[in-house]
$ cat target-v6.txt   # compact mmCIF, C-alpha atoms
# COMPACT_ATOMS: atom_id res chain seq x y z
CA MET L 353 43.87 63.41 126.82
CA SER L 354 44.49 66.04 124.19
CA ALA L 355 46.35 65.23 120.99
CA LEU L 356 49.21 67.45 122.16
CA ALA L 357 49.62 65.78 125.56
CA PRO L 358 52.35 63.16 125.92
CA THR L 359 51.21 59.56 125.77
CA PRO L 360 52.12 57.69 128.97
CA LEU L 361 54.27 54.58 128.62
CA TYR L 362 51.55 51.99 129.32
CA ARG L 363 49.11 53.64 126.93
CA GLN L 364 51.85 53.49 124.26
CA LEU L 365 52.39 49.75 124.88
CA LEU L 366 48.71 48.79 125.32
CA PRO L 367 46.97 51.21 122.97
CA ALA L 368 43.94 49.04 122.14
CA ARG L 369 43.50 47.60 125.66
CA PHE L 370 44.50 50.41 128.03
CA ASP L 371 40.93 51.64 128.48
CA ASP L 372 39.86 48.09 129.50
CA LEU L 373 41.95 48.38 132.65
CA PRO L 374 40.35 49.10 136.04
CA PRO L 375 40.31 52.77 137.16
CA THR L 376 43.11 52.51 139.76
CA VAL L 377 45.46 50.73 137.33
CA ARG L 378 44.77 53.32 134.62
CA ALA L 379 45.25 56.17 137.10
CA LEU L 380 48.63 54.89 138.30
CA HIS L 381 49.94 54.53 134.74
CA GLU L 382 48.31 57.55 133.12
CA ARG L 383 49.86 60.26 135.24
CA VAL L 384 52.86 62.20 134.00
CA GLY L 385 55.27 63.84 136.46
CA PHE L 386 56.17 62.82 140.00
CA HIS L 387 53.69 60.87 142.14
CA ARG L 388 53.98 58.95 145.41
CA TYR L 389 51.71 56.12 146.52
CA HIS L 390 51.50 54.38 149.90
CA GLY L 391 50.37 50.88 150.79
CA LYS L 392 51.20 47.52 152.32
CA VAL L 393 53.36 44.67 151.01
CA GLU L 394 54.33 41.11 151.84
CA VAL L 395 57.68 39.83 150.51
CA GLU L 396 58.87 36.22 150.40
CA ARG L 397 62.43 35.47 149.27
CA GLY L 398 64.33 32.39 148.23
CA HIS L 399 67.09 31.34 150.63
CA GLY L 400 69.59 29.43 148.47
CA VAL L 401 72.99 30.87 147.60
CA LEU L 402 72.14 31.40 143.90
CA SER L 403 68.75 32.88 144.77
CA CYS L 404 70.40 35.37 147.11
CA LEU L 405 73.03 36.26 144.50
CA CYS L 406 70.37 36.88 141.83
CA ALA L 407 68.31 38.94 144.28
CA TRP L 408 71.38 41.04 145.12
CA ALA L 409 72.16 41.61 141.40
CA THR L 410 68.65 42.94 140.80
CA ARG L 411 68.35 44.66 144.19
CA LEU L 412 65.19 42.77 145.16
CA PRO L 413 63.49 43.64 148.46
CA ALA L 414 64.17 41.77 151.70
CA GLU L 415 61.68 39.28 153.11
CA GLY L 416 58.99 40.59 155.43
CA ARG L 417 55.72 42.48 155.74
CA GLY L 418 55.21 46.16 156.10
CA THR L 419 54.73 49.43 154.34
CA ILE L 420 55.54 50.27 150.76
CA ASP L 421 55.90 53.67 149.17
CA VAL L 422 56.14 53.78 145.40
CA GLU L 423 57.54 56.91 143.78
CA ILE L 424 57.04 57.21 140.04
CA ASP L 425 58.61 60.02 138.05
CA SER L 426 57.35 59.76 134.49
CA THR L 427 58.17 61.71 131.36
CA LEU L 428 57.13 61.17 127.76
CA HIS L 429 59.62 58.37 127.11
CA ARG L 430 60.86 57.07 130.48
CA GLU L 431 59.80 56.39 134.04
CA ARG L 432 61.88 56.15 137.20
CA TRP L 433 60.43 53.99 139.94
CA ALA L 434 61.46 53.67 143.58
CA ARG L 435 59.69 50.94 145.53
CA ILE L 436 60.53 51.72 149.15
CA ILE L 437 59.76 48.68 151.27
CA ASN L 438 60.29 49.01 155.02
CA GLY L 439 62.70 51.88 154.41
CA ARG L 440 64.84 50.17 151.70
CA ALA L 441 64.55 51.31 148.08
CA MET L 442 64.42 49.10 145.00
CA ARG L 443 64.98 51.50 142.12
CA SER L 444 64.43 50.90 138.43
CA ARG L 445 64.14 52.73 135.14
CA LEU L 446 61.47 51.86 132.56
CA TRP L 447 61.10 52.72 128.87
CA ALA L 448 59.49 51.31 125.73
CA SER L 449 61.56 49.63 123.01
CA ASP L 450 60.42 47.40 120.15
CA GLY L 451 56.96 46.99 121.70
CA LEU L 452 58.39 45.87 125.06
CA LEU L 453 58.42 47.52 128.45
CA CYS L 454 62.11 47.54 129.34
CA GLU L 455 63.14 47.73 132.98
CA ARG L 456 66.63 48.13 134.34
CA LEU L 457 66.96 46.61 137.82
CA GLY L 458 70.50 46.73 139.15
CA LEU L 459 72.80 44.80 136.81
CA VAL L 460 69.94 43.32 134.76
CA THR L 461 67.72 44.73 132.00
CA PHE L 462 64.43 43.00 131.28
CA GLY L 463 62.17 43.35 128.26
CA PHE L 464 58.57 42.57 129.26
CA ARG L 465 55.68 41.91 126.93
CA LEU L 466 52.58 43.51 128.45
CA ASP L 467 49.12 42.08 127.97
CA VAL L 468 45.67 42.65 129.39
CA GLU L 469 43.94 39.51 130.66
CA ALA L 470 40.67 38.76 132.42
CA LEU L 471 41.06 38.37 136.16
CA GLY L 472 37.93 37.68 138.18
CA SER L 473 35.30 40.16 137.05
CA GLY L 474 37.87 42.66 135.76
CA HIS L 475 41.14 42.90 133.89
CA ALA L 476 44.81 42.85 134.84
CA VAL L 477 48.02 44.00 133.21
CA VAL L 478 50.28 40.96 132.97
CA TRP L 479 54.05 41.31 132.51
CA ARG L 480 55.94 38.37 130.96
CA VAL L 481 59.65 38.29 130.21
CA ALA L 482 60.50 38.47 126.49
CA LYS L 483 64.25 39.13 126.83
CA VAL L 484 66.91 39.62 129.49
CA ARG L 485 70.44 41.02 129.56
CA ALA L 486 72.81 40.88 132.51
CA LEU L 487 75.72 43.32 132.23
CA GLY L 488 74.77 43.61 128.55
CA VAL L 489 75.01 39.84 127.89
CA PRO L 490 71.79 38.21 126.61
CA LEU L 491 70.42 35.37 128.74
CA PRO L 492 68.09 32.58 127.57
CA ARG L 493 64.49 33.75 127.85
CA ARG L 494 63.31 30.28 128.95
CA TRP L 495 65.21 30.75 132.22
CA PHE L 496 62.66 33.45 133.04
CA ASP L 497 59.41 31.59 132.34
CA GLY L 498 58.79 31.66 136.11
CA VAL L 499 58.80 35.47 136.22
CA VAL L 500 55.36 37.06 135.96
CA ALA L 501 53.76 40.19 137.38
CA ARG L 502 50.13 41.25 137.56
CA GLU L 503 48.56 44.63 138.27
CA TYR L 504 44.84 44.68 138.95
CA GLU L 505 42.12 46.19 141.11
CA ARG L 506 40.21 44.60 143.95
CA GLU L 507 37.92 46.41 146.40
CA HIS L 508 38.69 49.71 144.61
CA ARG L 509 42.41 49.37 145.38
CA TYR L 510 45.36 48.99 143.05
CA ARG L 511 46.94 45.57 143.64
CA PHE L 512 50.21 44.03 142.50
CA ASP L 513 51.54 40.48 142.55
CA VAL L 514 55.11 39.85 141.37
CA ASN L 515 56.55 36.34 141.38
CA ALA L 516 60.06 35.50 140.18
CA ALA L 517 61.49 31.98 140.12
CA MET L 518 64.18 30.38 137.96
CA PRO L 519 65.05 26.79 137.05
CA TRP L 520 67.74 25.24 139.28
CA ILE L 521 67.54 28.27 141.57
CA GLY L 522 63.93 28.34 142.71
CA ARG L 523 62.16 31.35 144.13
CA LEU L 524 63.95 34.68 143.91
CA VAL L 525 61.10 36.79 145.27
CA HIS L 526 57.34 36.91 145.55
CA TYR L 527 55.94 40.25 146.60
CA ARG L 528 52.33 41.31 146.63
CA GLY L 529 50.23 44.01 148.15
CA TRP L 530 48.25 47.15 147.48
CA LEU L 531 48.65 50.87 146.99
CA ASP L 532 46.26 53.76 147.58
CA VAL L 533 45.93 55.44 144.20
CA GLY L 534 43.70 58.46 144.72
$ encode --input "target-v6.txt" --output "structure tokens"
Amino acid sequence: MSALAPTPLYRQLLPARFDDLPPTVRALHERVGFHRYHGKVEVERGHGVLSCLCAWATRLPAEGRGTIDVEIDSTLHRERWARIINGRAMRSRLWASDGLLCERLGLVTFGFRLDVEALGSGHAVVWRVAKVRALGVPLPRRWFDGVVAREYEREHRYRFDVNAAMPWIGRLVHYRGWLDVG
């Protein structure tokens, strides 16, 4: 990348480790502009009343298996994501603030600390919750210790695994799958 080109969000947040990432993970997060990716996904959801309420507030996907299309529109400072699972969109906005990847999902804004960790014979980006606000009100971070996401490569495919559970509520969602990132 030239010195004049904008620095993509993930490269800003993982400057020393970004080049350690597998090619498909780097490719997905290095591109600026609008891109669409297609793949398959499996979604498991919690079924309790509080789990369903939390899932509604963050617009989490419905349970099932099927196709996923991910649309990413990235600029220098922000990204807009649409994860379209079986025809239903889960939209979010992402930006960097205070060294965190912030993501607005419905009524909730998360601040994730990104890290690169060994996974099998390669590396994965791991997202862990550092702070959360619902309708602008801060929530205890410890409530979100059961929320973790990983992005990695296996068999030359970009893979994702997102698991969200909370104390007293249980599983909110666990979705995992792959995308073709050409």
$ residues_around --input "target-v6.txt" --residues "range 502-515 of chain L" --least-positions-apart "5" --cutoff "7 Å" --atoms "all atoms listed in the file" --output "compact mmCIF listing (two decimals) with C-alpha atoms, keeping the file's coordinate frame"
# COMPACT_ATOMS: atom_id res chain seq x y z
CA PRO L 374 40.35 49.10 136.04
CA THR L 376 43.11 52.51 139.76
CA VAL L 377 45.46 50.73 137.33
CA HIS L 475 41.14 42.90 133.89
CA ALA L 476 44.81 42.85 134.84
CA VAL L 477 48.02 44.00 133.21
CA VAL L 478 50.28 40.96 132.97
CA TRP L 479 54.05 41.31 132.51
CA VAL L 525 61.10 36.79 145.27
CA HIS L 526 57.34 36.91 145.55
CA TYR L 527 55.94 40.25 146.60
CA ARG L 528 52.33 41.31 146.63
CA GLY L 529 50.23 44.01 148.15
CA TRP L 530 48.25 47.15 147.48
CA LEU L 531 48.65 50.87 146.99
CA ASP L 532 46.26 53.76 147.58
CA VAL L 533 45.93 55.44 144.20
$ atom_distance --input "target-v6.txt" --atom1 "CA of His429 in chain L" --atom2 "CA of Pro360 in chain L"
7.8 Å
$ closest_residue --input "target-v6.txt" --among "L:Ala448, L:Leu524, L:Leu366, L:Ala470" --to "Phe496 in chain L" --atoms "all atoms listed in the file"
L:Leu524
$ closest_residue --input "target-v6.txt" --among "L:Trp495, L:Phe462, L:Phe370, L:Trp520" --to "Thr410 in chain L" --atoms "all atoms listed in the file"
L:Phe462
$ atom_distance --input "target-v6.txt" --atom1 "CA of Ile424 in chain L" --atom2 "CA of Leu457 in chain L"
14.7 Å
$ closest_residue --input "target-v6.txt" --among "L:Val395, L:Val500, L:Leu459, L:Leu446" --to "Ala517 in chain L" --atoms "all atoms listed in the file"
L:Val500
$ residues_around --input "target-v6.txt" --residues "range 438-442 of chain L" --least-positions-apart "3" --cutoff "9 Å" --atoms "only C-alpha atoms" --output "list of chain:residue names"
L:Thr410, L:Arg411, L:Leu412, L:Pro413, L:Ala414, L:Gly416, L:Arg417, L:Gly418, L:Thr419, L:Ile420, L:Asp421, L:Trp433, L:Ala434, L:Arg435, L:Leu457, L:Gly458
$ atom_distance --input "target-v6.txt" --atom1 "CA of Leu487 in chain L" --atom2 "CA of Ile436 in chain L"
24.2 Å
$ closest_residue --input "target-v6.txt" --among "L:Val481, L:Gly498, L:Ala407, L:Ile437" --to "Glu394 in chain L" --atoms "only C-alpha atoms"
L:Ile437
$ residues_around --input "target-v6.txt" --residues "Gly451 in chain L" --least-positions-apart "5" --cutoff "10 Å" --atoms "all atoms listed in the file" --output "number ranges by chain"
L: 364-366, 463-466
$ closest_residue --input "target-v6.txt" --among "L:Ala379, L:Asp371, L:Leu428, L:Gly400" --to "Thr359 in chain L" --atoms "all atoms listed in the file"
L:Leu428
$ residues_around --input "target-v6.txt" --residues "His399 in chain L" --least-positions-apart "3" --cutoff "10 Å" --atoms "all atoms listed in the file" --output "PyMOL selection string"
chain L and resi 396+402-405+407+415+521-525
$ closest_residue --input "target-v6.txt" --among "L:Val468, L:Asp497, L:Pro519, L:Arg456" --to "Ala368 in chain L" --atoms "only C-alpha atoms"
L:Val468
$ axis_aligned_box --input "target-v6.txt" --around "range 493-505 of chain L" --padding-each-side "6 Å" --output "AutoDock Vina command-line options"
--center_x 53.7 --center_y 38.2 --center_z 134.5 --size_x 35.1 --size_y 27.9 --size_z 25.3
$ build_atoms --input "target-v6.txt" --residues "range 399-410 of chain L" --atoms "all heavy atoms" --output "mmCIF file, in the frame of the given file"
data_model
loop_
_atom_site.group_PDB
_atom_site.id
_atom_site.type_symbol
_atom_site.label_atom_id
_atom_site.label_comp_id
_atom_site.auth_asym_id
_atom_site.auth_seq_id
_atom_site.Cartn_x
_atom_site.Cartn_y
_atom_site.Cartn_z
ATOM 1 N N HIS L 399 66.021 31.321 149.626
ATOM 2 C CA HIS L 399 67.090 31.340 150.630
ATOM 3 C C HIS L 399 68.369 30.645 150.168
ATOM 4 O O HIS L 399 69.355 30.649 150.902
ATOM 5 C CB HIS L 399 66.586 30.718 151.932
ATOM 6 C CG HIS L 399 65.436 31.473 152.514
ATOM 7 N ND1 HIS L 399 65.578 32.695 153.133
ATOM 8 C CD2 HIS L 399 64.112 31.207 152.523
ATOM 9 C CE1 HIS L 399 64.396 33.140 153.517
ATOM 10 N NE2 HIS L 399 63.484 32.251 153.162
ATOM 11 N N GLY L 400 68.374 30.067 148.961
ATOM 12 C CA GLY L 400 69.590 29.430 148.470
ATOM 13 C C GLY L 400 70.646 30.449 148.079
ATOM 14 O O GLY L 400 70.364 31.638 147.892
ATOM 15 N N VAL L 401 71.869 29.991 147.937
ATOM 16 C CA VAL L 401 72.990 30.870 147.600
ATOM 17 C C VAL L 401 72.753 31.560 146.257
ATOM 18 O O VAL L 401 72.920 32.785 146.135
ATOM 19 C CB VAL L 401 74.327 30.085 147.593
ATOM 20 C CG1 VAL L 401 75.459 30.950 147.071
ATOM 21 C CG2 VAL L 401 74.651 29.571 148.978
ATOM 22 N N LEU L 402 72.367 30.797 145.226
ATOM 23 C CA LEU L 402 72.140 31.400 143.900
ATOM 24 C C LEU L 402 70.947 32.341 143.910
ATOM 25 O O LEU L 402 70.968 33.385 143.253
ATOM 26 C CB LEU L 402 71.963 30.304 142.848
ATOM 27 C CG LEU L 402 73.214 29.518 142.502
ATOM 28 C CD1 LEU L 402 72.887 28.407 141.512
ATOM 29 C CD2 LEU L 402 74.291 30.430 141.939
ATOM 30 N N SER L 403 69.909 31.994 144.654
ATOM 31 C CA SER L 403 68.750 32.880 144.770
ATOM 32 C C SER L 403 69.157 34.210 145.391
ATOM 33 O O SER L 403 68.774 35.274 144.907
ATOM 34 C CB SER L 403 67.672 32.207 145.621
ATOM 35 O OG SER L 403 66.593 33.083 145.831
ATOM 36 N N CYS L 404 69.945 34.146 146.438
ATOM 37 C CA CYS L 404 70.400 35.370 147.110
ATOM 38 C C CYS L 404 71.303 36.202 146.203
ATOM 39 O O CYS L 404 71.217 37.435 146.183
ATOM 40 C CB CYS L 404 71.095 35.035 148.410
ATOM 41 S SG CYS L 404 69.965 34.373 149.668
ATOM 42 N N LEU L 405 72.156 35.547 145.429
ATOM 43 C CA LEU L 405 73.030 36.260 144.500
ATOM 44 C C LEU L 405 72.216 36.968 143.416
ATOM 45 O O LEU L 405 72.467 38.141 143.106
ATOM 46 C CB LEU L 405 74.041 35.292 143.866
ATOM 47 C CG LEU L 405 75.027 35.906 142.881
ATOM 48 C CD1 LEU L 405 75.904 36.938 143.577
ATOM 49 C CD2 LEU L 405 75.874 34.820 142.250
ATOM 50 N N CYS L 406 71.231 36.271 142.846
ATOM 51 C CA CYS L 406 70.370 36.880 141.830
ATOM 52 C C CYS L 406 69.571 38.047 142.414
ATOM 53 O O CYS L 406 69.409 39.088 141.769
ATOM 54 C CB CYS L 406 69.416 35.850 141.238
ATOM 55 S SG CYS L 406 70.221 34.619 140.196
ATOM 56 N N ALA L 407 69.073 37.875 143.625
ATOM 57 C CA ALA L 407 68.310 38.940 144.280
ATOM 58 C C ALA L 407 69.192 40.159 144.536
ATOM 59 O O ALA L 407 68.756 41.298 144.368
ATOM 60 C CB ALA L 407 67.709 38.416 145.586
ATOM 61 N N TRP L 408 70.448 39.926 144.917
ATOM 62 C CA TRP L 408 71.380 41.040 145.120
ATOM 63 C C TRP L 408 71.634 41.758 143.796
ATOM 64 O O TRP L 408 71.642 42.998 143.752
ATOM 65 C CB TRP L 408 72.699 40.510 145.695
ATOM 66 C CG TRP L 408 73.767 41.565 145.713
ATOM 67 C CD1 TRP L 408 73.938 42.537 146.648
ATOM 68 C CD2 TRP L 408 74.773 41.775 144.721
ATOM 69 N NE1 TRP L 408 75.004 43.337 146.296
ATOM 70 C CE2 TRP L 408 75.538 42.887 145.111
ATOM 71 C CE3 TRP L 408 75.102 41.112 143.538
ATOM 72 C CZ2 TRP L 408 76.595 43.361 144.365
ATOM 73 C CZ3 TRP L 408 76.166 41.591 142.794
ATOM 74 C CH2 TRP L 408 76.909 42.697 143.215
ATOM 75 N N ALA L 409 71.839 41.004 142.709
ATOM 76 C CA ALA L 409 72.160 41.610 141.400
ATOM 77 C C ALA L 409 71.027 42.477 140.874
ATOM 78 O O ALA L 409 71.264 43.432 140.137
ATOM 79 C CB ALA L 409 72.502 40.511 140.390
ATOM 80 N N THR L 410 69.798 42.154 141.257
ATOM 81 C CA THR L 410 68.650 42.940 140.800
ATOM 82 C C THR L 410 68.078 43.827 141.898
ATOM 83 O O THR L 410 67.051 44.470 141.699
ATOM 84 C CB THR L 410 67.553 42.027 140.222
ATOM 85 O OG1 THR L 410 67.233 41.027 141.188
ATOM 86 C CG2 THR L 410 67.987 41.376 138.932
#
